[in-house]
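Structure first, commentary second.
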Amino acid sequence: MGLFFKKKILVVEDSKPLANAAAIKLKSLGYKVLFAESYKEAVSVLGENKKIVAVWLDHWLRDNSNGLEVLKYIRKDKVFINTPVFLVSNCGEEWSKQYIEAGISKSFVKSDHSMSDIIESINHEIDLK
């Protein structure tokens, strides 16, 4: 008998150690975690998984793209337009304003928040949906 996962979360993060740490905590809460390290991978995962309930989004990505491009893609997609997207990054204030304008749900500065606090907040937001 397999482990039951209640909901899927996409983690778009270029740091494998951070992505793996987030996955461990999210899986312990029953989530199935999908990964992407670039814009191209994120779009591919979103295209193949229409039941993603939230996105963890870093700013700097592997393919010289950034999370803002991913967020704009998500907000234009009819399936994901209302999906909560959480910016988890150390990007500067000028980028943060652009994320707010593009429709980010909530943002976290990595150096200011513990992993547990971020995961707890994401889980809380998903439970409100």
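If you're wondering about the labels, chains in the structure tokens are A, B, ... by order shown, residues count from 1 in each chain, ligands from 1 in order shown.
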Compile the contact shell of region 57-69 of chain A as a CSV table (one decimal) with N, CA and C atoms, in the first residue's frame: residues with an atom at most 10 Å away, counting only C-alpha atoms, same-chain residues fewer than 3 positions apart removed.
chain,number,residue,atom,x,y,z
A,10,LEU,N,4.4,22.3,-6.2
A,10,LEU,CA,5.5,22.5,-7.1
A,10,LEU,C,6.5,23.4,-6.4
A,11,VAL,N,7.8,22.8,-6.2
A,11,VAL,CA,8.9,23.6,-5.6
A,11,VAL,C,9.8,24.0,-6.8
A,12,VAL,N,9.8,25.3,-7.1
A,12,VAL,CA,10.7,25.8,-8.2
A,12,VAL,C,11.9,26.5,-7.5
A,13,GLU,N,13.0,25.8,-7.4
A,13,GLU,CA,14.1,26.2,-6.6
A,13,GLU,C,15.4,25.7,-7.2
A,14,ASP,N,16.4,26.6,-7.4
A,14,ASP,CA,17.6,26.2,-8.0
A,14,ASP,C,18.6,25.6,-6.9
A,15,SER,N,18.3,25.7,-5.7
A,15,SER,CA,19.2,25.1,-4.6
A,15,SER,C,18.6,23.7,-4.3
A,19,ALA,N,15.6,22.7,-1.7
A,19,ALA,CA,14.4,22.0,-2.3
A,19,ALA,C,14.2,20.7,-1.6
A,36,ALA,N,11.2,21.7,-9.9
A,36,ALA,CA,11.7,22.3,-11.2
A,36,ALA,C,12.8,23.2,-10.7
A,37,GLU,N,13.8,23.4,-11.6
A,37,GLU,CA,14.9,24.2,-11.3
A,37,GLU,C,15.0,25.4,-12.3
A,38,SER,N,14.1,25.4,-13.3
A,38,SER,CA,14.2,26.4,-14.3
A,38,SER,C,12.8,26.8,-14.8
A,39,TYR,N,12.7,27.9,-15.5
A,39,TYR,CA,11.4,28.2,-16.1
A,39,TYR,C,10.8,27.1,-17.0
A,40,LYS,N,11.7,26.6,-17.8
A,40,LYS,CA,11.3,25.6,-18.8
A,40,LYS,C,10.7,24.3,-18.0
A,41,GLU,N,11.5,23.9,-17.0
A,41,GLU,CA,11.0,22.7,-16.2
A,41,GLU,C,9.7,23.1,-15.5
A,42,ALA,N,9.6,24.2,-14.9
A,42,ALA,CA,8.3,24.6,-14.2
A,42,ALA,C,7.1,24.6,-15.1
A,54,ALA,N,-0.3,24.6,-4.9
A,54,ALA,CA,0.5,25.7,-4.5
A,54,ALA,C,1.9,25.6,-5.2
A,72,LYS,N,4.3,35.0,-13.9
A,72,LYS,CA,3.5,35.6,-15.0
A,72,LYS,C,2.9,34.5,-15.8
A,73,TYR,N,3.6,33.4,-16.0
A,73,TYR,CA,3.0,32.2,-16.8
A,73,TYR,C,1.8,31.7,-16.0
A,74,ILE,N,2.0,31.5,-14.7
A,74,ILE,CA,0.9,30.9,-13.8
A,74,ILE,C,-0.3,31.8,-13.8
A,85,VAL,N,0.9,31.2,-4.9
A,85,VAL,CA,2.4,31.2,-5.2
A,85,VAL,C,3.1,31.9,-4.2
A,86,PHE,N,4.1,31.2,-3.6
A,86,PHE,CA,4.9,31.8,-2.5
A,86,PHE,C,6.3,32.0,-2.9
A,87,LEU,N,6.7,33.3,-2.9
A,87,LEU,CA,8.1,33.6,-3.3
A,87,LEU,C,9.0,33.4,-2.0
A,88,VAL,N,9.9,32.5,-2.2
A,88,VAL,CA,10.9,32.2,-1.1
A,88,VAL,C,12.3,32.5,-1.7
A,89,SER,N,12.8,33.6,-1.4
A,89,SER,CA,14.0,34.1,-2.0
A,89,SER,C,14.7,35.2,-1.2
A,90,ASN,N,15.8,35.6,-1.7
A,90,ASN,CA,16.6,36.7,-1.1
A,90,ASN,C,16.7,37.8,-2.1
A,91,CYS,N,15.7,37.9,-3.0
A,91,CYS,CA,15.8,38.9,-4.1
A,91,CYS,C,15.5,40.3,-3.5
A,92,GLY,N,16.0,41.3,-4.1
A,92,GLY,CA,16.0,42.7,-3.6
A,92,GLY,C,14.6,43.2,-3.6
A,95,TRP,N,12.7,43.8,-7.0
A,95,TRP,CA,12.1,42.6,-7.5
A,95,TRP,C,10.8,42.3,-6.8
A,96,SER,N,10.8,42.5,-5.5
A,96,SER,CA,9.6,42.2,-4.7
A,96,SER,C,8.4,43.0,-5.1
A,98,GLN,N,7.8,44.0,-8.1
A,98,GLN,CA,7.3,43.4,-9.4
A,98,GLN,C,6.5,42.1,-9.1
A,99,TYR,N,7.0,41.3,-8.2
A,99,TYR,CA,6.2,40.1,-7.8
A,99,TYR,C,4.8,40.5,-7.3
A,100,ILE,N,4.8,41.5,-6.4
A,100,ILE,CA,3.5,41.9,-5.9
A,100,ILE,C,2.5,42.3,-7.0
A,102,ALA,N,2.6,41.4,-10.0
A,102,ALA,CA,2.3,40.2,-10.9
A,102,ALA,C,1.4,39.2,-10.2
A,103,GLY,N,1.1,39.4,-8.9
A,103,GLY,CA,0.1,38.6,-8.2
A,103,GLY,C,0.7,37.5,-7.3
A,104,ILE,N,1.9,37.7,-6.7
A,104,ILE,CA,2.4,36.8,-5.7
A,104,ILE,C,1.4,36.7,-4.5
A,107,SER,N,5.3,36.5,0.2
A,107,SER,CA,6.8,36.3,0.0
A,107,SER,C,7.5,36.2,1.3
A,108,PHE,N,8.6,35.5,1.2
A,108,PHE,CA,9.4,35.2,2.4
A,108,PHE,C,10.9,35.5,2.0
A,110,LYS,N,14.4,34.4,2.6
A,110,LYS,CA,15.0,33.2,3.2
A,110,LYS,C,15.8,33.4,4.4
Among chain A, which residues carry a DSSP assignment of helix (DSSP H, G or I), reported as a count of residues only? 60
Figure out the distance between CA of Asp77 (chain A) and CA of Val43 (chain A), please, to one decimal in Å. 10.4 Å
In Å to one decimal, how far is CA of Lys7 (chain A) from CA of Gly30 (chain A)? 7.4 Å
For region 117-121 of chain A, find every residue with an atom within 8 Å (counting only C-alpha atoms), except residues of its own chain fewer than 5 positions away, and show them as a ChimeraX atom specification. /A:22,25-26,108
Using N, CA and C atoms, can you export the residues from the last selection as a PDB file, in the first residue's frame?
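Everything below was put into again26.pdb:
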ATOM      1  N   ALA A  22      12.823  21.399   1.946  1.00  0.00           N
ATOM      2  CA  ALA A  22      11.402  21.763   1.852  1.00  0.00           C
ATOM      3  C   ALA A  22      10.562  20.518   1.571  1.00  0.00           C
ATOM      4  N   LYS A  25       9.892  18.359   4.700  1.00  0.00           N
ATOM      5  CA  LYS A  25       8.866  18.942   5.585  1.00  0.00           C
ATOM      6  C   LYS A  25       7.471  18.863   4.957  1.00  0.00           C
ATOM      7  N   LEU A  26       7.389  19.166   3.663  1.00  0.00           N
ATOM      8  CA  LEU A  26       6.088  19.110   2.986  1.00  0.00           C
ATOM      9  C   LEU A  26       5.551  17.682   2.923  1.00  0.00           C
ATOM     10  N   PHE A 108       8.601  35.452   1.245  1.00  0.00           N
ATOM     11  CA  PHE A 108       9.450  35.190   2.395  1.00  0.00           C
ATOM     12  C   PHE A 108      10.891  35.467   1.996  1.00  0.00           C
TER      13      PHE A 108
END
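Relative to CA of Ala21 (chain A), CA of Glu101 (chain A) is found at 29.1 Å.
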Mind the document's chain letters and residue numbers, and return as JSON, numbers by chain the residues of region 7-51 of chain A that DSSP labels strand (DSSP E or B). {"A": [7, 8, 9, 10, 11, 12, 31, 32, 33, 34, 35, 36]}
Using only C-alpha atoms, which protein or nucleic acid residues come within 9 Å of Pro84 (chain A)? Drop anything in the same chain fewer than 5 positions from it, and give the result as a list of chain:residue names. A:Val53, A:Ala54, A:Val55, A:Trp56, A:Ile104, A:Ser105, A:Lys106, A:Ile122, A:Glu125, A:Ile126
